[in-house]
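Pasting my_file08.csv here (CSV, C-alpha atoms):
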```csv
chain,number,residue,atom,x,y,z
A,15,MET,CA,28.0,-21.7,-10.6
A,16,GLN,CA,25.7,-21.2,-7.6
A,17,ARG,CA,22.7,-19.0,-8.3
A,18,THR,CA,22.1,-16.0,-6.0
A,19,VAL,CA,19.0,-14.0,-5.1
A,20,LEU,CA,19.4,-10.6,-3.5
A,21,VAL,CA,16.6,-9.5,-1.2
A,22,LEU,CA,16.7,-5.7,-1.2
A,23,GLY,CA,15.2,-3.7,1.6
A,24,GLY,CA,14.2,-6.2,4.3
A,25,GLU,CA,14.1,-10.0,4.9
A,26,LEU,CA,11.9,-12.7,3.5
A,27,ALA,CA,9.7,-14.7,5.8
A,28,PRO,CA,11.4,-18.0,6.6
A,29,GLU,CA,9.0,-19.9,4.4
A,30,GLY,CA,10.1,-17.8,1.3
A,31,ARG,CA,13.7,-18.2,2.1
A,32,GLU,CA,13.2,-22.0,2.4
A,33,VAL,CA,11.7,-22.1,-1.1
A,34,LEU,CA,14.9,-20.7,-2.5
A,35,GLU,CA,17.4,-22.5,-0.4
A,36,LYS,CA,15.7,-25.9,-1.2
A,37,GLU,CA,16.7,-25.2,-4.8
A,38,GLY,CA,20.3,-24.5,-3.8
A,39,VAL,CA,20.0,-20.8,-4.2
A,40,LYS,CA,22.2,-18.5,-2.1
A,41,VAL,CA,20.0,-15.8,-0.4
A,42,VAL,CA,21.5,-12.4,0.5
A,43,GLN,CA,19.3,-10.0,2.5
A,44,THR,CA,19.6,-6.3,3.4
A,45,LYS,CA,18.1,-3.9,5.8
A,46,PRO,CA,15.2,-1.7,4.7
A,47,TYR,CA,15.4,1.6,2.9
A,48,ILE,CA,18.9,1.2,1.5
A,49,ASP,CA,19.8,3.9,-1.1
A,50,ARG,CA,20.7,3.7,-4.7
A,51,GLN,CA,24.5,3.6,-4.3
A,52,THR,CA,24.3,0.8,-1.7
A,53,VAL,CA,22.1,-1.2,-4.1
A,54,ILE,CA,24.7,-0.7,-6.9
A,55,GLY,CA,27.5,-1.9,-4.6
A,56,LEU,CA,25.5,-5.0,-3.6
A,57,MET,CA,24.7,-5.9,-7.2
A,58,ARG,CA,28.4,-5.6,-8.1
A,59,GLU,CA,29.5,-7.6,-5.1
A,60,HIS,CA,27.0,-10.5,-5.3
A,61,GLN,CA,26.1,-10.6,-9.1
A,62,PRO,CA,22.6,-11.9,-8.4
A,63,ASP,CA,20.5,-13.9,-10.8
A,64,GLY,CA,17.3,-12.6,-9.3
A,65,ALA,CA,16.3,-9.7,-7.0
A,66,ILE,CA,13.3,-9.5,-4.6
A,67,ILE,CA,12.4,-5.9,-3.8
A,68,ARG,CA,10.9,-4.9,-0.4
A,69,LEU,CA,11.6,-1.3,0.8
A,70,LEU,CA,14.0,0.9,-1.0
A,71,ALA,CA,14.9,4.6,-0.5
A,72,ASP,CA,15.2,5.2,-4.2
A,73,VAL,CA,13.6,3.7,-7.4
A,74,LEU,CA,15.5,0.7,-8.7
A,75,GLY,CA,16.8,1.9,-12.0
A,76,ALA,CA,18.6,0.6,-15.1
A,77,GLU,CA,22.1,1.2,-13.6
A,78,GLU,CA,21.3,-0.9,-10.6
A,79,MET,CA,19.8,-3.6,-12.7
A,80,GLN,CA,22.9,-3.9,-14.9
A,81,ALA,CA,25.5,-3.5,-12.1
A,82,GLY,CA,25.8,-7.2,-11.4
A,83,GLY,CA,25.7,-8.3,-15.0
A,84,ARG,CA,23.6,-11.4,-14.4
A,85,LEU,CA,20.1,-10.2,-13.3
A,86,ARG,CA,17.3,-12.2,-15.0
A,87,HIS,CA,14.3,-11.4,-12.8
A,88,ILE,CA,13.0,-8.7,-10.5
A,89,ALA,CA,10.2,-9.8,-8.1
A,90,LYS,CA,8.3,-7.2,-6.1
A,91,HIS,CA,7.5,-8.4,-2.5
A,92,GLY,CA,4.0,-6.9,-2.9
A,93,VAL,CA,1.8,-5.4,-5.6
A,94,GLY,CA,3.0,-1.8,-6.0
A,95,THR,CA,5.9,-1.4,-8.4
A,96,ASN,CA,6.4,2.3,-8.1
A,97,ASP,CA,9.9,1.7,-6.6
A,98,ILE,CA,11.0,-0.2,-9.7
A,99,ASP,CA,11.6,1.4,-13.1
A,100,VAL,CA,9.5,-1.2,-15.0
A,101,LYS,CA,10.1,0.5,-18.3
A,102,ALA,CA,13.9,0.2,-17.9
A,103,ALA,CA,13.6,-3.4,-16.9
A,104,THR,CA,11.4,-4.2,-19.9
A,105,GLU,CA,14.0,-2.5,-22.2
A,106,LEU,CA,16.7,-4.7,-20.6
A,107,GLY,CA,14.6,-7.8,-21.1
A,108,ILE,CA,14.2,-8.4,-17.3
A,109,PRO,CA,10.7,-9.4,-16.3
A,110,VAL,CA,9.2,-7.7,-13.2
A,111,SER,CA,6.7,-9.7,-11.2
A,112,MET,CA,4.2,-8.8,-8.4
A,113,THR,CA,2.6,-11.0,-5.8
A,114,THR,CA,-0.9,-10.2,-7.1
A,115,GLY,CA,-3.6,-11.1,-4.6
A,116,SER,CA,-1.2,-12.0,-1.8
A,117,ASN,CA,-2.0,-9.2,0.7
A,118,GLY,CA,-5.4,-7.9,-0.5
A,119,ILE,CA,-7.4,-9.3,2.5
A,120,SER,CA,-4.8,-7.9,5.0
A,121,VAL,CA,-5.0,-4.4,3.4
A,122,ALA,CA,-8.8,-4.4,3.2
A,123,GLU,CA,-9.0,-5.4,6.9
A,124,HIS,CA,-6.5,-2.7,7.9
A,125,ALA,CA,-8.5,-0.1,6.1
A,126,LEU,CA,-11.7,-1.3,7.8
A,127,ALA,CA,-9.9,-1.2,11.2
A,128,LEU,CA,-8.8,2.4,10.6
A,129,ILE,CA,-12.4,3.4,9.6
A,130,MET,CA,-13.8,1.8,12.7
A,131,ALA,CA,-11.2,3.4,15.0
A,132,LEU,CA,-11.9,6.8,13.5
A,133,VAL,CA,-15.6,6.7,13.5
A,134,LYS,CA,-15.8,5.2,17.0
A,135,ASP,CA,-13.4,8.0,18.3
A,136,PHE,CA,-11.1,5.4,19.8
A,137,SER,CA,-7.8,7.4,19.8
A,138,ARG,CA,-9.3,10.4,21.6
A,139,GLN,CA,-11.2,8.3,24.1
A,140,ASP,CA,-8.0,6.4,24.9
A,141,ALA,CA,-6.1,9.6,25.4
A,142,LEU,CA,-8.8,11.1,27.7
A,143,ILE,CA,-8.8,8.1,29.9
A,144,ARG,CA,-5.0,7.9,30.1
A,145,SER,CA,-5.0,11.6,31.1
A,146,GLY,CA,-7.4,10.9,34.0
A,147,THR,CA,-10.6,12.1,32.3
A,148,TRP,CA,-13.7,9.9,32.5
A,149,ASP,CA,-16.4,11.9,30.7
A,150,LYS,CA,-18.9,10.1,28.4
A,151,GLY,CA,-20.1,13.5,27.2
A,152,GLN,CA,-16.9,13.8,25.2
A,153,TYR,CA,-17.6,10.7,23.2
A,154,HIS,CA,-18.3,11.5,19.5
A,155,GLY,CA,-18.6,8.0,18.1
A,156,ARG,CA,-21.0,7.3,15.2
A,157,GLU,CA,-22.6,4.2,13.7
A,158,LEU,CA,-21.3,2.9,10.5
A,159,ARG,CA,-24.7,1.6,9.4
A,160,GLY,CA,-26.2,3.9,6.9
A,161,GLN,CA,-23.0,5.9,6.2
A,162,ARG,CA,-21.7,6.1,2.7
A,163,LEU,CA,-18.2,4.7,2.0
A,164,GLY,CA,-16.6,6.1,-1.2
A,165,LEU,CA,-13.9,3.8,-2.6
A,166,VAL,CA,-11.3,5.3,-4.9
A,167,GLY,CA,-9.9,2.3,-6.8
A,168,PHE,CA,-12.0,-0.9,-7.1
A,169,GLY,CA,-9.6,-3.7,-7.7
A,170,PHE,CA,-9.4,-6.7,-5.4
A,171,ILE,CA,-8.7,-4.7,-2.2
A,172,GLY,CA,-11.5,-2.2,-2.9
A,173,GLN,CA,-14.0,-4.9,-3.8
A,174,THR,CA,-13.1,-6.8,-0.6
A,175,LEU,CA,-13.5,-3.8,1.6
A,176,GLY,CA,-16.7,-2.9,-0.2
A,177,LYS,CA,-18.2,-6.4,0.7
A,178,MET,CA,-17.1,-6.0,4.3
A,179,ALA,CA,-18.7,-2.5,4.5
A,180,LYS,CA,-22.0,-3.7,3.0
A,181,ALA,CA,-22.1,-6.5,5.6
A,182,LEU,CA,-22.0,-3.7,8.2
A,183,GLY,CA,-25.0,-1.9,6.6
A,184,MET,CA,-23.0,0.8,4.9
A,185,GLU,CA,-23.8,2.2,1.5
A,186,VAL,CA,-20.8,1.8,-0.9
A,187,SER,CA,-19.9,3.7,-4.0
A,188,ALA,CA,-16.8,3.2,-6.0
A,189,PHE,CA,-14.7,5.0,-8.7
A,190,ASP,CA,-12.4,3.1,-11.0
A,191,PRO,CA,-12.3,3.8,-14.7
A,192,HIS,CA,-10.1,0.6,-15.3
A,193,THR,CA,-12.3,-2.0,-13.5
A,194,PRO,CA,-14.8,-4.0,-15.7
A,195,ALA,CA,-18.4,-3.0,-15.2
A,196,GLU,CA,-19.4,-6.5,-13.9
A,197,ALA,CA,-17.2,-6.0,-10.8
A,198,PHE,CA,-19.6,-3.3,-9.6
A,199,ASP,CA,-22.6,-5.6,-9.3
A,200,GLY,CA,-24.2,-4.8,-6.0
A,201,PHE,CA,-22.4,-1.5,-5.6
A,202,THR,CA,-22.9,2.0,-6.9
A,203,ARG,CA,-20.5,2.7,-9.7
A,204,GLU,CA,-19.5,6.4,-9.8
A,205,THR,CA,-18.0,7.7,-13.0
A,206,ASP,CA,-17.2,11.2,-11.5
A,207,LEU,CA,-14.6,11.2,-8.8
A,208,ASP,CA,-15.6,14.7,-7.7
A,209,LYS,CA,-19.2,13.5,-7.1
A,210,LEU,CA,-18.0,10.5,-5.2
A,211,LEU,CA,-15.9,12.6,-2.9
A,212,SER,CA,-18.7,15.1,-2.3
A,213,THR,CA,-21.2,12.5,-1.3
A,214,ALA,CA,-19.2,10.1,0.8
A,215,ASP,CA,-19.0,10.2,4.6
A,216,ILE,CA,-15.8,8.2,4.5
A,217,VAL,CA,-13.4,8.0,1.6
A,218,SER,CA,-10.9,5.1,1.3
A,219,LEU,CA,-8.1,5.1,-1.2
A,220,HIS,CA,-7.1,1.9,-3.1
A,221,CYS,CA,-5.6,3.1,-6.3
A,222,PRO,CA,-2.0,2.5,-7.5
A,223,LEU,CA,0.5,5.3,-7.7
A,224,THR,CA,0.8,6.5,-11.3
A,225,PRO,CA,1.5,9.9,-12.9
A,226,GLU,CA,-2.3,10.3,-13.1
A,227,THR,CA,-2.9,9.5,-9.4
A,228,ARG,CA,0.0,11.5,-7.9
A,229,ASP,CA,-1.7,14.2,-5.8
A,230,LEU,CA,-5.1,13.0,-7.0
A,231,ILE,CA,-6.6,14.0,-3.6
A,232,ASP,CA,-5.4,17.6,-3.7
A,233,ALA,CA,-6.6,20.8,-2.0
A,234,ARG,CA,-9.5,21.2,-4.4
A,235,ARG,CA,-10.8,17.7,-4.0
A,236,ILE,CA,-10.4,17.7,-0.3
A,237,GLY,CA,-12.5,20.8,-0.3
A,238,LEU,CA,-15.2,18.9,-2.1
A,239,MET,CA,-15.5,16.4,0.7
A,240,LYS,CA,-18.3,16.7,3.3
A,241,ARG,CA,-17.5,18.7,6.4
A,242,GLY,CA,-16.9,16.1,9.1
A,243,ALA,CA,-15.9,13.3,6.6
A,244,PHE,CA,-13.0,10.9,7.1
A,245,LEU,CA,-10.2,10.0,4.8
A,246,VAL,CA,-8.4,6.7,4.9
A,247,ASN,CA,-5.3,5.9,2.8
A,248,THR,CA,-3.8,2.4,2.6
A,249,ALA,CA,-2.6,3.0,-0.9
A,250,ARG,CA,0.4,5.2,-1.6
A,251,GLY,CA,1.2,8.4,0.3
A,252,GLU,CA,1.9,10.4,-2.8
A,253,VAL,CA,-1.8,10.1,-3.9
A,254,VAL,CA,-2.6,12.7,-1.3
A,255,ASP,CA,-1.4,16.3,-1.0
A,256,GLU,CA,-0.3,16.1,2.6
A,257,THR,CA,-0.1,19.9,3.2
A,258,ALA,CA,-3.7,20.2,2.0
A,259,LEU,CA,-4.7,17.3,4.3
A,260,VAL,CA,-3.1,18.9,7.3
A,261,ASP,CA,-4.9,22.1,6.7
A,262,ALA,CA,-8.3,20.3,6.3
A,263,LEU,CA,-7.7,18.4,9.6
A,264,LYS,CA,-6.7,21.5,11.5
A,265,SER,CA,-9.6,23.5,10.3
A,266,GLY,CA,-12.1,20.8,11.1
A,267,HIS,CA,-13.3,20.4,7.6
A,268,LEU,CA,-12.3,16.7,7.8
A,269,ALA,CA,-13.1,15.0,11.1
A,270,GLY,CA,-10.1,12.7,10.9
A,271,ALA,CA,-7.7,10.6,8.7
A,272,GLY,CA,-6.4,7.1,9.0
A,273,LEU,CA,-3.0,6.8,7.2
A,274,ASP,CA,-0.8,3.8,6.5
A,275,SER,CA,1.4,5.5,3.9
A,276,PHE,CA,3.1,8.8,3.5
A,277,ALA,CA,4.6,10.9,0.7
A,278,VAL,CA,8.1,10.3,2.1
A,279,GLU,CA,9.0,7.0,3.8
A,280,PRO,CA,10.2,6.7,6.3
A,281,PRO,CA,8.7,10.1,7.2
A,282,GLU,CA,10.4,12.8,9.2
A,283,LYS,CA,9.7,12.7,12.9
A,284,ASP,CA,8.2,16.3,12.7
A,285,ASN,CA,5.6,15.4,10.1
A,286,PRO,CA,2.7,17.6,11.1
A,287,LEU,CA,0.3,14.7,10.6
A,288,PHE,CA,1.7,13.0,13.6
A,289,SER,CA,1.0,15.8,16.0
A,290,LEU,CA,-2.7,16.1,15.1
A,291,PRO,CA,-5.2,14.6,17.6
A,292,ASN,CA,-7.6,13.5,14.7
A,293,THR,CA,-5.2,11.2,12.9
A,294,ILE,CA,-4.4,7.5,13.3
A,295,VAL,CA,-1.1,6.5,11.7
A,296,THR,CA,0.6,3.2,11.0
A,297,PRO,CA,4.0,2.6,9.4
A,298,HIS,CA,2.9,1.2,5.9
A,299,VAL,CA,2.1,-2.2,7.4
A,300,ALA,CA,-1.4,-2.8,6.1
A,301,GLY,CA,-0.2,-5.5,3.6
A,302,VAL,CA,2.4,-7.1,5.8
A,303,THR,CA,0.5,-9.1,8.4
A,304,LEU,CA,2.3,-12.3,9.2
A,305,ASP,CA,0.0,-14.1,6.9
A,306,ALA,CA,0.5,-11.8,4.0
A,307,LYS,CA,4.2,-11.6,4.5
A,308,ARG,CA,4.5,-15.4,4.3
A,309,ALA,CA,2.4,-15.4,1.1
A,310,MET,CA,4.4,-12.5,-0.5
A,311,SER,CA,7.7,-14.1,0.4
A,312,VAL,CA,6.8,-17.5,-1.0
A,313,ILE,CA,5.2,-16.2,-4.2
A,314,SER,CA,8.1,-13.8,-5.0
A,315,ALA,CA,10.6,-16.6,-4.4
A,316,GLU,CA,8.6,-18.9,-6.7
A,317,HIS,CA,8.5,-16.2,-9.4
A,318,VAL,CA,12.3,-15.8,-9.4
A,319,LEU,CA,12.7,-19.6,-9.6
A,320,ALA,CA,10.2,-19.9,-12.4
A,321,THR,CA,12.2,-17.5,-14.5
A,322,LEU,CA,15.5,-19.2,-13.7
A,323,ARG,CA,14.0,-22.4,-14.9
A,324,GLY,CA,12.8,-20.8,-18.1
A,325,GLU,CA,9.1,-21.0,-17.2
A,326,ALA,CA,6.6,-18.3,-18.1
A,327,LEU,CA,4.6,-16.5,-15.4
A,328,HIS,CA,0.8,-15.9,-15.8
A,329,PRO,CA,0.3,-12.3,-17.2
A,330,ARG,CA,-1.6,-11.2,-14.1
A,331,PHE,CA,1.7,-11.5,-12.1
A,332,LEU,CA,3.7,-9.4,-14.5
A,333,ALA,CA,4.2,-5.6,-14.3
A,334,ARG,CA,4.1,-3.6,-17.5
```
The structure in this file should be written as structure tokens.
Amino acid sequence: MQRTVLVLGGELAPEGREVLEKEGVKVVQTKPYIDRQTVIGLMREHQPDGAIIRLLADVLGAEEMQAGGRLRHIAKHGVGTNDIDVKAATELGIPVSMTTGSNGISVAEHALALIMALVKDFSRQDALIRSGTWDKGQYHGRELRGQRLGLVGFGFIGQTLGKMAKALGMEVSAFDPHTPAEAFDGFTRETDLDKLLSTADIVSLHCPLTPETRDLIDARRIGLMKRGAFLVNTARGEVVDETALVDALKSGHLAGAGLDSFAVEPPEKDNPLFSLPNTIVTPHVAGVTLDAKRAMSVISAEHVLATLRGEALHPRFLAR
């Protein structure tokens, strides 16, 4: 019987699809943000041996996993598994893998790009010139040199961004209770999140979405941030209380925010963050540069094939 891999919520890069098809695997791909009932219907129709998860409207749960009756592996096309019920998969004996390290450079570079665009006042200057205003007196750009970057989450992405920021002459402090002490060598390790927020000129979020980090940056913590500070989020939208963020941006307490993720995706067109002049927004693309997409597609395809061959994956690739 031919083996089938169902790619849910978007297409693989051609290089990833080729990995599967060279092994005689049938690949079925769907459009992004399909809902739970659609997933169940596809599982029943195609009875896949493996599933690669890109962008779903709902969390992939036990019913979907069992609907086809043959699922042996779930591969996340990325590193965040908040759209997969990993506990349910574990109970069903279905390993869940991630493409650990595949898009870290892309996300770190995206965060730095948002930081530079905010601090250099690019969006406002662009809008002024396009409206016919040429007034250098309205430029509010700053230097990055000497400013303090506070990193919330200090895994591979946070560490990579930290090195980039230090090369620009920034001071870097980081908060992450789960990262080993040796990773902070050359950086300021902050054990109190509130202190990090209150001392940083720019805060960049790089933590996973967990019950502990949901609404981590709430109204109280936004209030602790310096007046005129910037917030950048290339992690998960649910880490930030968006209503509190809007209030802080409107009042001028925060000078600006660079956002690549949102509490609801795709967001509503009337999301108030989109109408503010001091936000820069991108559609959750930090980790899907062409380079990163190729890497994620190939690695996720290889993970599925490894399980189908009966091979064990390295623990760093497995979600728990």
Do you know which residues are at most 10 Å from Leu85 in chain A counting only C-alpha atoms, after dropping those on the same chain fewer than 4 positions away, and could you put them as a PDB file with C-alpha atoms, keeping the file's coordinate frame?
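As a result, around.pdb now contains:
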```
ATOM      1  CA  THR A  18      22.100 -16.000  -6.000  1.00  0.00           C
ATOM      2  CA  VAL A  19      19.000 -14.000  -5.100  1.00  0.00           C
ATOM      3  CA  LEU A  20      19.400 -10.600  -3.500  1.00  0.00           C
ATOM      4  CA  MET A  57      24.700  -5.900  -7.200  1.00  0.00           C
ATOM      5  CA  GLN A  61      26.100 -10.600  -9.100  1.00  0.00           C
ATOM      6  CA  PRO A  62      22.600 -11.900  -8.400  1.00  0.00           C
ATOM      7  CA  ASP A  63      20.500 -13.900 -10.800  1.00  0.00           C
ATOM      8  CA  GLY A  64      17.300 -12.600  -9.300  1.00  0.00           C
ATOM      9  CA  ALA A  65      16.300  -9.700  -7.000  1.00  0.00           C
ATOM     10  CA  GLU A  78      21.300  -0.900 -10.600  1.00  0.00           C
ATOM     11  CA  MET A  79      19.800  -3.600 -12.700  1.00  0.00           C
ATOM     12  CA  GLN A  80      22.900  -3.900 -14.900  1.00  0.00           C
ATOM     13  CA  ALA A  81      25.500  -3.500 -12.100  1.00  0.00           C
ATOM     14  CA  LEU A 106      16.700  -4.700 -20.600  1.00  0.00           C
ATOM     15  CA  GLY A 107      14.600  -7.800 -21.100  1.00  0.00           C
ATOM     16  CA  ILE A 108      14.200  -8.400 -17.300  1.00  0.00           C
ATOM     17  CA  PRO A 109      10.700  -9.400 -16.300  1.00  0.00           C
TER      18      PRO A 109
END
```
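For the atom pair formed by CA of Phe331 in chain A and CA of Ser111 in chain A, the distance is 5.4 Å, given to one decimal.
Using all atoms listed in the file, the smallest distance between any of A:Leu304, A:Ala333, A:Leu128, A:Leu175 and Ala188 in chain A comes from A:Leu175.
Residue nearest Arg250 in chain A, chosen from A:Gly167, A:Gly24, A:Pro297, A:Gly94 and counting all atoms listed in the file: A:Gly94.
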* Asked: Smallest atom-to-atom distance to Phe201 in chain A: which of A:Val246, A:Val186, A:Ala271, A:Leu219, using all atoms listed in the file?
  -> A:Val186
* In Å to one decimal, how far is CA of Gly23 in chain A from CA of Thr44 in chain A? -> 5.4 Å
Please provide the set of residues having any atom within 8 Å of range 132-136 of chain A, restricted to only C-alpha atoms, with same-chain residues fewer than 5 positions apart removed, written as a short mmCIF file (atom, residue, chain, number, x, y, z; two decimals) with C-alpha atoms, in the coordinates of the input.
```cif
data_model
loop_
_atom_site.label_atom_id
_atom_site.label_comp_id
_atom_site.auth_asym_id
_atom_site.auth_seq_id
_atom_site.Cartn_x
_atom_site.Cartn_y
_atom_site.Cartn_z
CA TYR A 153 -17.60 10.70 23.20
CA HIS A 154 -18.30 11.50 19.50
CA GLY A 155 -18.60 8.00 18.10
CA ARG A 156 -21.00 7.30 15.20
CA GLU A 157 -22.60 4.20 13.70
CA LEU A 158 -21.30 2.90 10.50
CA PHE A 244 -13.00 10.90 7.10
CA GLY A 270 -10.10 12.70 10.90
CA ALA A 271 -7.70 10.60 8.70
CA GLY A 272 -6.40 7.10 9.00
CA ILE A 294 -4.40 7.50 13.30
#
```
* Asked: Which distance in Å separates CA of Ile231 in chain A and CA of Ala122 in chain A, to one decimal?
  ->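 Computed distance, CA of Ile231 in chain A to CA of Ala122 in chain A, equals 19.7 Å.
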* Can you pull out every residue within 7 Å of Gly164 in chain A, counting only C-alpha atoms, but drop anything in the same chain fewer than 4 positions away, and send it as a ChimeraX atom specification? => /A:186-188,210-211,214,216-218
Residues from the last selection, C-alpha atoms, saved as a PDB file, in the coordinates of the input:
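Output file again.pdb is given in full below:
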```
ATOM      1  CA  VAL A 186     -20.800   1.800  -0.900  1.00  0.00           C
ATOM      2  CA  SER A 187     -19.900   3.700  -4.000  1.00  0.00           C
ATOM      3  CA  ALA A 188     -16.800   3.200  -6.000  1.00  0.00           C
ATOM      4  CA  LEU A 210     -18.000  10.500  -5.200  1.00  0.00           C
ATOM      5  CA  LEU A 211     -15.900  12.600  -2.900  1.00  0.00           C
ATOM      6  CA  ALA A 214     -19.200  10.100   0.800  1.00  0.00           C
ATOM      7  CA  ILE A 216     -15.800   8.200   4.500  1.00  0.00           C
ATOM      8  CA  VAL A 217     -13.400   8.000   1.600  1.00  0.00           C
ATOM      9  CA  SER A 218     -10.900   5.100   1.300  1.00  0.00           C
TER      10      SER A 218
END
```
* Asked: Hey, which of A:Asn247, A:Ser311, A:Ser145, A:Ser289 ends up closest to Leu165 in chain A? Count only C-alpha atoms.
  ->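 Using only C-alpha atoms, Leu165 in chain A sits closest to A:Asn247.
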Return range 297-304 of chain A, completed with all heavy atoms, as a PDB file, in the frame of the given file.
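Below is the file that was written, out.pdb:
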```
ATOM      1  N   PRO A 297       2.759   2.437  10.188  1.00  0.00           N
ATOM      2  CA  PRO A 297       4.000   2.600   9.400  1.00  0.00           C
ATOM      3  C   PRO A 297       3.989   1.704   8.099  1.00  0.00           C
ATOM      4  O   PRO A 297       4.881   0.889   7.902  1.00  0.00           O
ATOM      5  CB  PRO A 297       5.078   2.173  10.327  1.00  0.00           C
ATOM      6  CG  PRO A 297       4.437   1.139  11.197  1.00  0.00           C
ATOM      7  CD  PRO A 297       3.012   1.596  11.377  1.00  0.00           C
ATOM      8  N   HIS A 298       3.010   1.910   7.217  1.00  0.00           N
ATOM      9  CA  HIS A 298       2.900   1.200   5.900  1.00  0.00           C
ATOM     10  C   HIS A 298       2.983  -0.314   6.166  1.00  0.00           C
ATOM     11  O   HIS A 298       3.766  -1.025   5.538  1.00  0.00           O
ATOM     12  CB  HIS A 298       4.021   1.650   4.980  1.00  0.00           C
ATOM     13  CG  HIS A 298       3.633   1.490   3.537  1.00  0.00           C
ATOM     14  ND1 HIS A 298       4.165   2.243   2.529  1.00  0.00           N
ATOM     15  CD2 HIS A 298       2.758   0.640   2.921  1.00  0.00           C
ATOM     16  CE1 HIS A 298       3.646   1.876   1.363  1.00  0.00           C
ATOM     17  NE2 HIS A 298       2.786   0.902   1.588  1.00  0.00           N
ATOM     18  N   VAL A 299       2.094  -0.787   7.034  1.00  0.00           N
ATOM     19  CA  VAL A 299       2.100  -2.200   7.400  1.00  0.00           C
ATOM     20  C   VAL A 299       0.805  -2.927   7.017  1.00  0.00           C
ATOM     21  O   VAL A 299       0.645  -4.112   7.325  1.00  0.00           O
ATOM     22  CB  VAL A 299       2.337  -2.382   8.916  1.00  0.00           C
ATOM     23  CG1 VAL A 299       3.743  -1.947   9.280  1.00  0.00           C
ATOM     24  CG2 VAL A 299       1.299  -1.619   9.743  1.00  0.00           C
ATOM     25  N   ALA A 300      -0.120  -2.228   6.340  1.00  0.00           N
ATOM     26  CA  ALA A 300      -1.400  -2.800   6.100  1.00  0.00           C
ATOM     27  C   ALA A 300      -1.266  -4.169   5.327  1.00  0.00           C
ATOM     28  O   ALA A 300      -2.016  -5.116   5.582  1.00  0.00           O
ATOM     29  CB  ALA A 300      -2.280  -1.890   5.222  1.00  0.00           C
ATOM     30  N   GLY A 301      -0.306  -4.249   4.432  1.00  0.00           N
ATOM     31  CA  GLY A 301      -0.200  -5.500   3.600  1.00  0.00           C
ATOM     32  C   GLY A 301       0.886  -6.424   4.124  1.00  0.00           C
ATOM     33  O   GLY A 301       1.237  -7.369   3.416  1.00  0.00           O
ATOM     34  N   VAL A 302       1.387  -6.224   5.346  1.00  0.00           N
ATOM     35  CA  VAL A 302       2.400  -7.100   5.800  1.00  0.00           C
ATOM     36  C   VAL A 302       2.075  -7.767   7.158  1.00  0.00           C
ATOM     37  O   VAL A 302       2.907  -7.868   8.059  1.00  0.00           O
ATOM     38  CB  VAL A 302       3.815  -6.392   5.921  1.00  0.00           C
ATOM     39  CG1 VAL A 302       4.339  -6.097   4.546  1.00  0.00           C
ATOM     40  CG2 VAL A 302       3.725  -5.112   6.747  1.00  0.00           C
ATOM     41  N   THR A 303       0.831  -8.196   7.264  1.00  0.00           N
ATOM     42  CA  THR A 303       0.500  -9.100   8.400  1.00  0.00           C
ATOM     43  C   THR A 303       1.402 -10.324   8.232  1.00  0.00           C
ATOM     44  O   THR A 303       1.969 -10.588   7.170  1.00  0.00           O
ATOM     45  CB  THR A 303      -0.957  -9.528   8.305  1.00  0.00           C
ATOM     46  OG1 THR A 303      -1.189 -10.163   7.043  1.00  0.00           O
ATOM     47  CG2 THR A 303      -1.903  -8.346   8.480  1.00  0.00           C
ATOM     48  N   LEU A 304       1.507 -11.093   9.294  1.00  0.00           N
ATOM     49  CA  LEU A 304       2.300 -12.300   9.200  1.00  0.00           C
ATOM     50  C   LEU A 304       1.847 -13.227   8.119  1.00  0.00           C
ATOM     51  O   LEU A 304       2.643 -13.840   7.396  1.00  0.00           O
ATOM     52  CB  LEU A 304       2.314 -13.027  10.577  1.00  0.00           C
ATOM     53  CG  LEU A 304       2.964 -12.283  11.745  1.00  0.00           C
ATOM     54  CD1 LEU A 304       2.802 -13.086  13.033  1.00  0.00           C
ATOM     55  CD2 LEU A 304       4.435 -12.005  11.467  1.00  0.00           C
TER      56      LEU A 304
END
```
